[in-house]
>>> print(open('work24.cif').read())   # mmCIF, C-alpha atoms
data_structure
#
loop_
_atom_site.label_atom_id
_atom_site.label_comp_id
_atom_site.auth_asym_id
_atom_site.auth_seq_id
_atom_site.Cartn_x
_atom_site.Cartn_y
_atom_site.Cartn_z
CA MET A 243 0.00 0.00 0.00
CA PRO A 244 1.46 3.42 -0.94
CA ILE A 245 2.63 5.54 1.93
CA SER A 246 0.22 8.33 1.05
CA GLU A 247 -2.74 5.92 1.38
CA ARG A 248 -1.50 4.67 4.73
CA ILE A 249 -1.28 8.26 5.96
CA THR A 250 -4.77 9.04 4.68
CA LYS A 251 -6.30 5.99 6.34
CA SER A 252 -4.58 6.74 9.61
CA ASN A 253 -6.13 10.22 9.66
CA CYS A 254 -9.88 9.97 9.20
CA GLN A 255 -11.81 12.99 7.95
CA PRO A 256 -12.44 15.51 10.74
CA LYS A 257 -15.90 16.62 11.69
CA LYS A 258 -16.99 20.05 10.55
CA THR A 259 -16.62 21.40 14.08
CA GLU A 260 -13.01 20.35 14.70
CA VAL A 261 -9.57 20.78 13.23
CA ARG A 262 -7.47 17.61 13.27
CA PRO A 263 -3.83 17.56 12.22
CA LEU A 264 -2.31 15.48 9.49
CA THR A 265 0.39 13.57 11.34
CA PHE A 266 3.52 11.94 9.99
CA ASP A 267 6.31 10.02 11.69
CA SER A 268 8.91 8.54 9.36
CA THR A 269 10.02 6.06 12.03
CA SER A 270 6.64 4.35 12.00
CA PHE A 271 7.14 2.94 8.49
CA ALA A 272 8.95 -0.25 9.37
CA GLY A 273 11.04 -1.80 6.61
CA LEU A 274 11.05 1.35 4.46
CA ASP A 275 13.78 3.87 3.87
CA PRO A 276 12.76 6.88 6.02
CA PHE A 277 13.78 9.28 3.26
CA GLU A 278 11.55 7.41 0.82
CA ALA A 279 8.67 7.81 3.24
CA MET A 280 9.40 11.50 3.74
CA ASN A 281 9.73 12.18 0.01
CA GLU A 282 6.43 10.49 -0.80
CA PHE A 283 4.75 12.28 2.06
CA SER A 284 5.98 15.68 0.87
CA GLN A 285 4.63 14.94 -2.65
CA GLY A 286 7.30 16.94 -4.44
CA LEU A 287 7.39 19.94 -2.14
CA TYR A 288 10.84 18.95 -0.90
CA LYS A 289 13.33 16.16 -1.51
CA TYR A 290 14.91 14.75 1.64
CA SER A 291 18.37 13.18 1.67
CA ALA A 292 21.06 12.27 4.17
CA HIS A 293 23.09 15.13 5.55
CA ALA A 294 26.70 14.92 4.37
CA SER A 295 28.16 14.86 7.88
CA ARG A 296 25.79 12.07 8.91
CA ALA A 297 25.88 9.98 5.73
CA ASP A 298 28.00 7.29 7.37
CA SER A 299 26.29 7.48 10.72
CA SER A 300 24.27 4.58 12.08
CA GLU A 301 21.73 6.99 13.55
CA ASN A 302 18.38 6.72 11.77
CA PRO A 303 17.05 9.93 10.23
CA TYR A 304 13.54 10.96 11.17
CA LEU A 305 10.84 13.55 10.60
CA ARG A 306 7.84 13.94 12.90
CA LEU A 307 5.21 16.40 11.85
CA ASN A 308 1.76 17.70 12.72
CA ALA A 309 0.17 19.85 10.00
CA TRP A 310 -3.06 21.82 9.84
CA LEU A 311 -4.87 23.43 6.92
CA LEU A 312 -6.20 26.87 7.87
CA GLY A 313 -8.01 27.93 4.73
CA ASP A 314 -5.28 29.00 2.25
CA VAL A 315 -2.63 28.75 4.97
CA ALA A 316 -0.88 25.50 5.89
CA ALA A 317 0.75 25.35 9.33
CA ALA A 318 3.07 22.68 10.67
CA SER A 319 5.01 21.86 13.81
CA PHE A 320 7.83 19.41 13.23
CA GLU A 321 10.96 17.77 14.60
CA HIS A 322 13.78 16.40 12.47
CA SER A 323 17.17 14.73 12.53
CA ALA A 324 20.22 16.01 10.65
CA MET A 325 19.37 15.97 6.93
CA THR A 326 19.46 17.95 3.72
CA VAL A 327 16.20 19.28 2.29
CA ASP A 328 16.35 20.35 -1.35
CA GLY A 329 13.48 22.29 -2.86
CA LEU A 330 15.45 23.75 -5.74
CA HIS A 331 14.46 21.20 -8.38
CA ASN A 332 11.52 19.58 -6.59
CA ILE A 333 9.13 22.40 -5.84
CA ASN A 334 5.53 21.60 -6.68
CA PRO A 335 4.45 24.01 -9.49
CA GLU A 336 1.24 24.69 -7.59
CA LEU A 337 3.28 26.18 -4.74
CA GLN A 338 5.37 28.60 -6.81
CA ASP A 339 3.11 31.44 -5.67
CA HIS A 340 3.58 30.67 -1.99
CA VAL A 341 6.25 31.69 0.54
CA MET A 342 7.43 29.93 3.68
CA LEU A 343 7.46 31.41 7.16
CA ARG A 344 9.67 29.61 9.67
CA ILE A 345 10.27 29.92 13.39
CA VAL A 346 13.13 27.72 14.64
CA LYS A 347 12.50 26.30 18.10
CA LYS A 348 15.59 24.13 18.47
CA GLY A 349 18.87 23.84 16.55
CA ASN A 350 20.34 25.91 13.71
CA VAL A 351 19.28 25.51 10.09
CA PRO A 352 21.46 26.75 7.18
CA LEU A 353 19.23 28.01 4.35
CA ARG A 354 20.44 28.69 0.79
CA SER A 355 18.16 30.42 -1.68
CA GLY A 356 19.99 31.23 -4.89
CA ASP A 357 23.11 33.17 -3.87
CA ASP A 358 21.58 34.20 -0.56
CA GLU A 359 22.54 32.14 2.45
CA THR A 360 21.28 32.50 6.02
CA LEU A 361 21.72 30.53 9.22
CA MET A 362 18.25 30.27 10.76
CA VAL A 363 18.42 30.30 14.55
CA PRO A 364 15.86 30.31 17.38
CA LYS A 365 14.02 33.48 18.43
CA LYS A 366 14.03 34.97 14.93
CA LEU A 367 11.41 34.84 12.18
CA TYR A 368 12.23 34.00 8.55
CA ILE A 369 10.26 34.37 5.33
CA TYR A 370 11.58 32.86 2.10
CA HIS A 371 10.58 31.25 -1.18
CA PRO A 372 10.28 27.43 -1.19
CA ASN A 373 12.99 27.13 -3.91
CA ASN A 374 15.88 26.52 -1.55
CA GLU A 375 18.18 24.05 0.12
CA LEU A 376 18.15 23.51 3.87
CA SER A 377 20.94 21.57 5.55
CA PRO A 378 20.19 21.07 9.25
CA GLY A 379 23.44 19.66 10.60
CA GLN A 380 21.83 18.81 13.91
CA GLU A 381 18.54 17.73 15.38
CA GLY A 382 16.00 20.47 15.61
CA ALA A 383 12.40 21.58 15.83
CA SER A 384 10.52 24.33 14.01
CA ILE A 385 7.16 25.84 13.20
CA GLY A 386 6.50 26.46 9.52
CA LEU A 387 3.69 28.18 7.65
CA ARG A 388 3.02 28.15 3.91
CA LEU A 389 1.43 31.48 2.92
CA PRO A 390 0.01 32.62 -0.45
CA ARG A 391 1.96 35.57 -1.85
CA HIS A 392 -1.15 37.56 -2.69
CA ALA A 393 -2.50 37.19 0.85
CA ILE A 394 0.55 38.85 2.42
CA ASN A 395 1.43 41.25 -0.44
CA TYR A 396 4.80 39.58 -0.99
CA ASN A 397 6.32 41.20 -4.07
CA PRO A 398 9.59 39.65 -5.33
CA PRO A 399 10.92 42.91 -6.84
CA ASN A 400 10.37 44.71 -3.54
CA HIS A 401 11.35 41.96 -1.10
CA HIS A 402 14.55 39.97 -0.84
CA ARG A 403 14.47 36.18 -1.27
CA ILE A 404 15.27 35.62 2.42
CA LEU A 405 13.78 38.03 4.95
CA THR A 406 15.04 37.89 8.55
CA PHE A 407 13.24 39.57 11.43
CA GLU A 408 15.29 39.95 14.58
CA ALA A 409 14.06 38.92 18.02
CA ASP A 410 13.58 42.56 19.04
CA ASN A 411 11.45 43.49 16.02
CA PRO A 412 8.13 44.57 17.62
CA ILE A 413 5.83 43.42 14.79
CA GLY A 414 7.85 40.23 14.39
CA CYS A 415 7.35 39.49 18.11
CA VAL A 416 3.60 39.92 17.69
CA VAL A 417 3.56 37.54 14.71
CA ARG A 418 5.61 34.89 16.55
CA SER A 419 3.41 35.12 19.63
CA ALA A 420 0.23 34.90 17.54
CA ILE A 421 1.49 31.77 15.72
CA ASP A 422 2.58 30.08 18.95
CA SER A 423 -0.78 30.83 20.53
CA LEU A 424 -2.69 29.66 17.46
CA LEU A 425 -0.97 26.27 17.27
CA GLY A 426 -1.54 25.79 20.99
CA GLN A 427 -5.29 26.38 20.58
CA LEU A 428 -5.98 24.43 17.40
CA GLU A 429 -7.24 21.35 19.23
CA LYS A 430 -10.07 23.48 20.60
CA THR A 431 -10.68 25.41 17.39
CA SER A 432 -13.47 24.84 14.90
CA ARG A 433 -12.76 24.64 11.20
CA ASN A 434 -14.42 28.00 10.62
CA GLN A 435 -12.37 29.62 13.39
CA ALA A 436 -9.21 28.04 11.97
CA GLN A 437 -9.86 29.60 8.56
CA ILE A 438 -10.37 33.01 10.18
CA SER A 439 -7.15 32.47 12.17
CA GLY A 440 -5.27 31.81 8.93
CA GLN A 441 -6.53 35.11 7.50
CA MET A 442 -5.50 36.86 10.72
CA ILE A 443 -1.95 35.50 10.44
CA CYS A 444 -1.78 36.69 6.81
CA ASN A 445 -2.87 40.18 7.89
CA LEU A 446 -0.15 40.31 10.54
CA VAL A 447 2.52 39.12 8.11
CA ARG A 448 1.31 41.67 5.54
CA MET A 449 1.89 44.43 8.12
CA LEU A 450 5.33 43.00 8.84
CA LEU A 451 6.28 43.03 5.14
CA SER A 452 4.95 46.53 4.56
CA ALA A 453 7.79 47.85 6.73
CA THR A 454 10.48 45.95 4.81
CA GLU A 455 9.85 46.99 1.20
CA VAL A 456 13.00 48.10 -0.54
CA ASP A 457 12.87 51.72 -1.71
CA GLU A 458 13.13 52.27 -5.45
CA GLU A 459 16.65 53.74 -5.42
CA ALA A 460 18.04 50.93 -3.26
CA TYR A 461 16.32 48.32 -5.39
CA THR A 462 17.69 49.87 -8.58
CA ASP A 463 21.22 49.71 -7.16
CA TRP A 464 20.69 46.11 -6.03
CA ARG A 465 19.30 45.10 -9.43
CA ALA A 466 22.28 46.70 -11.20
CA ALA A 467 24.69 44.88 -8.87
CA ARG A 468 22.93 41.60 -9.53
CA HIS A 469 23.15 42.15 -13.29
CA ARG A 470 26.89 42.83 -13.01
CA SER A 471 27.30 39.64 -10.98
CA MET A 472 25.38 37.68 -13.62
CA ARG A 473 27.57 39.09 -16.40
CA ASP A 474 30.74 38.30 -14.45
CA TYR A 475 29.52 34.76 -13.83
CA LEU A 476 28.87 34.23 -17.53
CA LEU A 477 32.24 35.69 -18.49
CA GLU A 478 34.03 33.42 -16.02
CA ASN A 479 32.30 30.36 -17.50
CA LEU A 480 32.38 31.02 -21.24
CA ASN A 481 34.06 27.66 -21.87
CA ASP A 482 31.23 25.81 -20.10
CA PRO A 483 29.11 24.29 -22.89
CA ASN A 484 26.01 24.32 -20.65
CA ILE A 485 26.23 27.93 -19.49
CA GLY A 486 22.99 29.83 -20.02
CA THR A 487 19.70 30.93 -18.49
CA ALA A 488 19.13 27.75 -16.48
CA GLN A 489 22.48 28.14 -14.70
CA LEU A 490 21.72 31.78 -13.88
CA MET A 491 18.33 30.78 -12.45
CA THR A 492 20.03 28.24 -10.18
CA ARG A 493 22.98 30.42 -9.26
CA PHE A 494 21.11 33.65 -8.54
CA GLY A 495 17.66 32.37 -7.62
CA ALA A 496 16.07 34.56 -10.29
CA SER A 497 13.12 33.68 -12.47
CA ARG A 498 13.48 33.12 -16.22
CA ALA A 499 11.47 36.30 -16.91
CA THR A 500 13.75 38.35 -14.62
CA ILE A 501 16.86 37.11 -16.42
CA TYR A 502 15.31 37.82 -19.83
CA ARG A 503 14.58 41.40 -18.74
CA SER A 504 18.08 41.82 -17.31
CA PHE A 505 19.74 40.83 -20.60
CA SER A 506 17.23 42.41 -22.98
CA ASP A 507 19.71 45.14 -24.00
CA ASP A 508 22.24 42.40 -24.90
CA GLY A 509 19.78 40.55 -27.10
CA GLY A 510 19.34 37.78 -24.53
CA VAL A 511 21.65 35.61 -22.46
CA MET A 512 22.87 33.37 -25.28
CA ASN A 513 23.52 36.32 -27.57
CA PHE A 514 25.61 37.88 -24.78
CA VAL A 515 27.50 34.60 -24.30
CA ARG A 516 28.09 34.15 -28.05
CA ASP A 517 29.40 37.69 -28.57
CA HIS A 518 31.85 37.43 -25.68
CA ARG A 519 32.96 33.97 -26.73
CA LEU A 520 33.81 35.42 -30.14
CA LYS A 521 35.76 38.26 -28.50
CA VAL A 522 37.75 35.81 -26.37
CA ILE A 523 38.43 33.59 -29.39
CA ASP A 524 39.58 36.60 -31.41
CA ARG A 525 41.99 37.58 -28.62
CA GLU A 526 43.35 34.04 -28.25
CA LEU A 527 43.84 33.63 -31.99
CA ARG A 528 45.85 36.85 -32.15
CA HIS A 529 48.19 35.59 -29.39
CA THR A 530 48.50 32.04 -30.73
CA PRO A 531 51.35 31.13 -33.13
CA TYR A 532 49.99 29.57 -36.28
CA SER A 533 49.66 25.79 -36.30
CA TYR A 534 47.46 23.43 -38.26
CA GLY A 535 43.96 23.25 -36.75
CA CYS A 536 44.51 25.99 -34.14
CA VAL A 537 41.31 27.83 -35.16
CA LYS A 538 39.26 24.65 -34.80
CA ARG A 539 40.78 23.78 -31.41
CA ILE A 540 40.20 27.21 -29.90
CA SER A 541 36.67 27.65 -31.28
CA GLU A 542 35.59 24.19 -30.06
CA ARG A 543 36.89 25.03 -26.60
CA TYR A 544 34.17 27.71 -26.46
CA GLY A 545 31.34 25.58 -27.79
CA PHE A 546 31.53 26.18 -31.55
CA VAL A 547 31.40 22.62 -32.89
CA ASP A 548 30.26 23.45 -36.42
CA GLN A 549 33.18 25.30 -38.05
CA SER A 550 31.12 26.74 -40.91
CA VAL A 551 28.66 28.28 -38.41
CA PHE A 552 31.57 29.59 -36.33
CA THR A 553 33.35 31.16 -39.31
CA LYS A 554 30.13 32.82 -40.48
CA SER A 555 29.37 34.20 -36.98
CA PHE A 556 32.96 35.40 -36.54
CA ARG A 557 33.00 37.18 -39.90
CA GLN A 558 29.60 38.80 -39.29
CA HIS A 559 30.78 40.05 -35.89
CA PHE A 560 34.26 41.35 -36.82
CA GLY A 561 34.23 41.73 -40.61
CA TYR A 562 37.18 39.41 -41.19
CA ARG A 563 37.90 35.68 -41.08
CA PRO A 564 39.36 33.90 -38.02
CA SER A 565 42.40 32.81 -40.00
CA ASP A 566 43.19 36.45 -40.83
CA VAL A 567 44.27 37.24 -37.25
CA VAL A 568 46.05 34.04 -36.19
CA GLY A 569 49.42 34.92 -34.61
CA MET A 570 49.05 38.64 -35.37
CA GLU A 571 50.21 39.76 -31.92
CA CYS A 572 53.07 37.24 -32.03
CA LEU A 573 54.36 38.91 -35.22
CA LYS A 574 54.13 42.34 -33.57
CA LEU A 575 56.07 41.06 -30.57
CA ASP A 576 58.79 39.57 -32.77
CA SER A 577 59.07 42.85 -34.70
CA HIS A 578 59.31 44.76 -31.42
CA VAL A 579 62.09 42.48 -30.16
CA ILE A 580 64.07 43.02 -33.38
CA ASP A 581 63.65 46.80 -33.11
CA VAL A 582 64.82 46.77 -29.49
CA LYS A 583 67.93 44.71 -30.35
CA THR A 584 68.80 47.07 -33.21
CA ALA A 585 68.39 50.11 -30.99
CA TYR A 586 70.49 48.48 -28.29
CA ASN A 587 73.31 47.71 -30.70
CA ASP A 588 73.27 51.27 -32.00
CA MET A 589 73.48 52.80 -28.51
CA PRO A 590 76.81 54.07 -27.23
CA LYS A 591 78.17 51.65 -24.62
CA LEU A 592 78.65 52.94 -21.09
CA ALA A 593 82.28 51.81 -21.00
CA SER A 594 83.04 53.65 -24.26
CA PHE A 595 81.36 56.75 -22.89
CA TRP A 596 83.55 56.86 -19.78
CA SER A 597 86.72 56.00 -21.65
CA ALA A 598 86.06 58.74 -24.14
CA ALA A 599 85.69 61.15 -21.31
#
>>> encode(input="work24.cif", output="structure tokens")
Amino acid sequence: MPISERITKSNCQPKKTEVRPLTFDSTSFAGLDPFEAMNEFSQGLYKYSAHASRADSSENPYLRLNAWLLGDVAAASFEHSAMTVDGLHNINPELQDHVMLRIVKKGNVPLRSGDDETLMVPKKLYIYHPNNELSPGQEGASIGLRLPRHAINYNPPNHHRILTFEADNPIGCVVRSAIDSLLGQLEKTSRNQAQISGQMICNLVRMLLSATEVDEEAYTDWRAARHRSMRDYLLENLNDPNIGTAQLMTRFGASRATIYRSFSDDGGVMNFVRDHRLKVIDRELRHTPYSYGCVKRISERYGFVDQSVFTKSFRQHFGYRPSDVVGMECLKLDSHVIDVKTAYNDMPKLASFWSAA
């Protein structure tokens, strides 16, 4: 019987007047890999795997969780062993328009979202997109909420991918207290009251986010810095045959549409990569002494497998053929060396100068 069916049967439908949690304990699935149980239970939201530092440990990994559905809000209280949780390539498409709110109760949890990295610790509140990798290196416990973006006015251009609210943030303290109180009262709460409670939490988080929006000037500077970092990353990896939009999405945690907009003035990411590959090839050809097949070797190093396509692109870009510039700088250098030797031989020698004196 699939794990999901066993979970469903072990949690009968609640009555209209009560809110019952969906419970999960990976250790209760005897004879099954606990990560397999956790991955099927999460249904593509996250992919669980062994933490690197515990991969050879005999200690069994575990995840114990109680989850409640509060209208559009999903709340969970959970405990876990050391593990890695990857949401980068496993996020359920239906949850792309949601954000995660997390309150760590025990342990420290490293969180990576694109290029942003944060160590989540107790007493703080964190809001982030589900596309991330968490690597709890120790046992821990947390409270997590899944919130719709529209319900809390989360706007990616105006909010960073990982938002941290310190323990002394007044509104953050109110939100943490409200969530703690809510989860403590859910056993006594009706389904209608639970839905209202979910809306209340969204309202509080919306107020919290309204004070963290990035002003337009700061955002413009940040966006320009990110674009420069993207360009530098592409330039450093021009000889990677797979470099492109997908790598930028993974590296910088940006959406495909954001990257397209960022490189619109360059004609797109691949046009930017092609033009700079041609420039690098042109420079290398000029500094490479002529040898049979040197043009082919250098162009293939930067992803140009079809030589006719490469030659056509090179000529369209520069107005001359690749073979026209092979070794050009080497010839200049040789000419310069000859000129220097001639000038040196024609100079009066220091010894002759003093003896003449």
>>> closest_residue(input="work24.cif", among="A:Leu343, A:Val511, A:Leu425, A:Phe556", to="Leu451 of chain A", atoms="all atoms listed in the file")
A:Leu343
>>> residues_around(input="work24.cif", residues="Met442 of chain A", least_positions_apart="5", cutoff="12 Å", atoms="all atoms listed in the file", output="MDAnalysis selection string")
chainID A and resid 312:315 389 393:394 416:417 420:421 424 435:437 447:449
>>> atom_distance(input="work24.cif", atom1="atom CA of Gln380 of chain A", atom2="atom CA of Arg403 of chain A")
24.2 Å
>>> resolve_selection(input="work24.cif", expression="the PyMOL selection byres ((chain A and resi 419) around 12)", output="list in words")
Ile345, Lys365, Lys366, Leu367, Ile385, Ala409, Pro412, Ile413, Gly414, Cys415, Val416, Val417, Arg418, Ala420, Ile421, Asp422, Ser423, Leu424, Leu425, Gly426, Ile443 and Leu446 of chain A
>>> resolve_selection(input="work24.cif", expression="the PyMOL selection byres ((chain A and resi 532-547) around 10)", output="NGL selection string")
:A and (479-484 or 515-516 or 519-520 or 522-524 or 526-531 or 548-553 or 555 or 564-565 or 567-570 or 572)
>>> write_last_selection(input="work24.cif", atoms="C-alpha atoms", output="PDB file, in the frame of the given file")
ATOM      1  CA  ASN A 479      32.300  30.360 -17.500  1.00  0.00           C
ATOM      2  CA  LEU A 480      32.380  31.020 -21.240  1.00  0.00           C
ATOM      3  CA  ASN A 481      34.060  27.660 -21.870  1.00  0.00           C
ATOM      4  CA  ASP A 482      31.230  25.810 -20.100  1.00  0.00           C
ATOM      5  CA  PRO A 483      29.110  24.290 -22.890  1.00  0.00           C
ATOM      6  CA  ASN A 484      26.010  24.320 -20.650  1.00  0.00           C
ATOM      7  CA  VAL A 515      27.500  34.600 -24.300  1.00  0.00           C
ATOM      8  CA  ARG A 516      28.090  34.150 -28.050  1.00  0.00           C
ATOM      9  CA  ARG A 519      32.960  33.970 -26.730  1.00  0.00           C
ATOM     10  CA  LEU A 520      33.810  35.420 -30.140  1.00  0.00           C
ATOM     11  CA  VAL A 522      37.750  35.810 -26.370  1.00  0.00           C
ATOM     12  CA  ILE A 523      38.430  33.590 -29.390  1.00  0.00           C
ATOM     13  CA  ASP A 524      39.580  36.600 -31.410  1.00  0.00           C
ATOM     14  CA  GLU A 526      43.350  34.040 -28.250  1.00  0.00           C
ATOM     15  CA  LEU A 527      43.840  33.630 -31.990  1.00  0.00           C
ATOM     16  CA  ARG A 528      45.850  36.850 -32.150  1.00  0.00           C
ATOM     17  CA  HIS A 529      48.190  35.590 -29.390  1.00  0.00           C
ATOM     18  CA  THR A 530      48.500  32.040 -30.730  1.00  0.00           C
ATOM     19  CA  PRO A 531      51.350  31.130 -33.130  1.00  0.00           C
ATOM     20  CA  ASP A 548      30.260  23.450 -36.420  1.00  0.00           C
ATOM     21  CA  GLN A 549      33.180  25.300 -38.050  1.00  0.00           C
ATOM     22  CA  SER A 550      31.120  26.740 -40.910  1.00  0.00           C
ATOM     23  CA  VAL A 551      28.660  28.280 -38.410  1.00  0.00           C
ATOM     24  CA  PHE A 552      31.570  29.590 -36.330  1.00  0.00           C
ATOM     25  CA  THR A 553      33.350  31.160 -39.310  1.00  0.00           C
ATOM     26  CA  SER A 555      29.370  34.200 -36.980  1.00  0.00           C
ATOM     27  CA  PRO A 564      39.360  33.900 -38.020  1.00  0.00           C
ATOM     28  CA  SER A 565      42.400  32.810 -40.000  1.00  0.00           C
ATOM     29  CA  VAL A 567      44.270  37.240 -37.250  1.00  0.00           C
ATOM     30  CA  VAL A 568      46.050  34.040 -36.190  1.00  0.00           C
ATOM     31  CA  GLY A 569      49.420  34.920 -34.610  1.00  0.00           C
ATOM     32  CA  MET A 570      49.050  38.640 -35.370  1.00  0.00           C
ATOM     33  CA  CYS A 572      53.070  37.240 -32.030  1.00  0.00           C
TER      34      CYS A 572
END
>>> decode(input="work24.cif", residues="segment 421-483 of chain A", atoms="C-alpha atoms", output="mmCIF file, in the first residue's frame")
data_model
loop_
_atom_site.group_PDB
_atom_site.id
_atom_site.type_symbol
_atom_site.label_atom_id
_atom_site.label_comp_id
_atom_site.auth_asym_id
_atom_site.auth_seq_id
_atom_site.Cartn_x
_atom_site.Cartn_y
_atom_site.Cartn_z
ATOM 1 C CA ILE A 421 1.488 31.772 15.716
ATOM 2 C CA ASP A 422 2.581 30.077 18.949
ATOM 3 C CA SER A 423 -0.779 30.835 20.531
ATOM 4 C CA LEU A 424 -2.694 29.662 17.457
ATOM 5 C CA LEU A 425 -0.974 26.274 17.272
ATOM 6 C CA GLY A 426 -1.537 25.795 20.994
ATOM 7 C CA GLN A 427 -5.288 26.379 20.584
ATOM 8 C CA LEU A 428 -5.983 24.431 17.396
ATOM 9 C CA GLU A 429 -7.240 21.346 19.233
ATOM 10 C CA LYS A 430 -10.070 23.480 20.603
ATOM 11 C CA THR A 431 -10.677 25.415 17.387
ATOM 12 C CA SER A 432 -13.473 24.836 14.903
ATOM 13 C CA ARG A 433 -12.763 24.639 11.202
ATOM 14 C CA ASN A 434 -14.425 27.999 10.619
ATOM 15 C CA GLN A 435 -12.373 29.617 13.387
ATOM 16 C CA ALA A 436 -9.210 28.037 11.968
ATOM 17 C CA GLN A 437 -9.863 29.603 8.562
ATOM 18 C CA ILE A 438 -10.368 33.009 10.185
ATOM 19 C CA SER A 439 -7.148 32.465 12.166
ATOM 20 C CA GLY A 440 -5.266 31.809 8.925
ATOM 21 C CA GLN A 441 -6.530 35.108 7.504
ATOM 22 C CA MET A 442 -5.497 36.858 10.717
ATOM 23 C CA ILE A 443 -1.949 35.497 10.437
ATOM 24 C CA CYS A 444 -1.784 36.690 6.812
ATOM 25 C CA ASN A 445 -2.873 40.183 7.891
ATOM 26 C CA LEU A 446 -0.146 40.311 10.537
ATOM 27 C CA VAL A 447 2.523 39.124 8.109
ATOM 28 C CA ARG A 448 1.311 41.670 5.540
ATOM 29 C CA MET A 449 1.889 44.432 8.116
ATOM 30 C CA LEU A 450 5.332 43.000 8.835
ATOM 31 C CA LEU A 451 6.281 43.032 5.140
ATOM 32 C CA SER A 452 4.951 46.531 4.556
ATOM 33 C CA ALA A 453 7.788 47.853 6.734
ATOM 34 C CA THR A 454 10.477 45.953 4.814
ATOM 35 C CA GLU A 455 9.845 46.989 1.204
ATOM 36 C CA VAL A 456 12.997 48.095 -0.543
ATOM 37 C CA ASP A 457 12.871 51.722 -1.712
ATOM 38 C CA GLU A 458 13.132 52.269 -5.449
ATOM 39 C CA GLU A 459 16.655 53.743 -5.416
ATOM 40 C CA ALA A 460 18.042 50.930 -3.256
ATOM 41 C CA TYR A 461 16.322 48.323 -5.389
ATOM 42 C CA THR A 462 17.690 49.874 -8.585
ATOM 43 C CA ASP A 463 21.217 49.705 -7.163
ATOM 44 C CA TRP A 464 20.688 46.109 -6.029
ATOM 45 C CA ARG A 465 19.299 45.102 -9.428
ATOM 46 C CA ALA A 466 22.284 46.696 -11.195
ATOM 47 C CA ALA A 467 24.693 44.882 -8.872
ATOM 48 C CA ARG A 468 22.934 41.597 -9.531
ATOM 49 C CA HIS A 469 23.148 42.153 -13.290
ATOM 50 C CA ARG A 470 26.888 42.828 -13.008
ATOM 51 C CA SER A 471 27.296 39.637 -10.985
ATOM 52 C CA MET A 472 25.375 37.678 -13.625
ATOM 53 C CA ARG A 473 27.568 39.093 -16.398
ATOM 54 C CA ASP A 474 30.736 38.300 -14.448
ATOM 55 C CA TYR A 475 29.518 34.757 -13.831
ATOM 56 C CA LEU A 476 28.869 34.225 -17.534
ATOM 57 C CA LEU A 477 32.236 35.685 -18.492
ATOM 58 C CA GLU A 478 34.027 33.417 -16.021
ATOM 59 C CA ASN A 479 32.304 30.358 -17.497
ATOM 60 C CA LEU A 480 32.383 31.023 -21.238
ATOM 61 C CA ASN A 481 34.056 27.659 -21.870
ATOM 62 C CA ASP A 482 31.232 25.806 -20.096
ATOM 63 C CA PRO A 483 29.105 24.293 -22.889
#
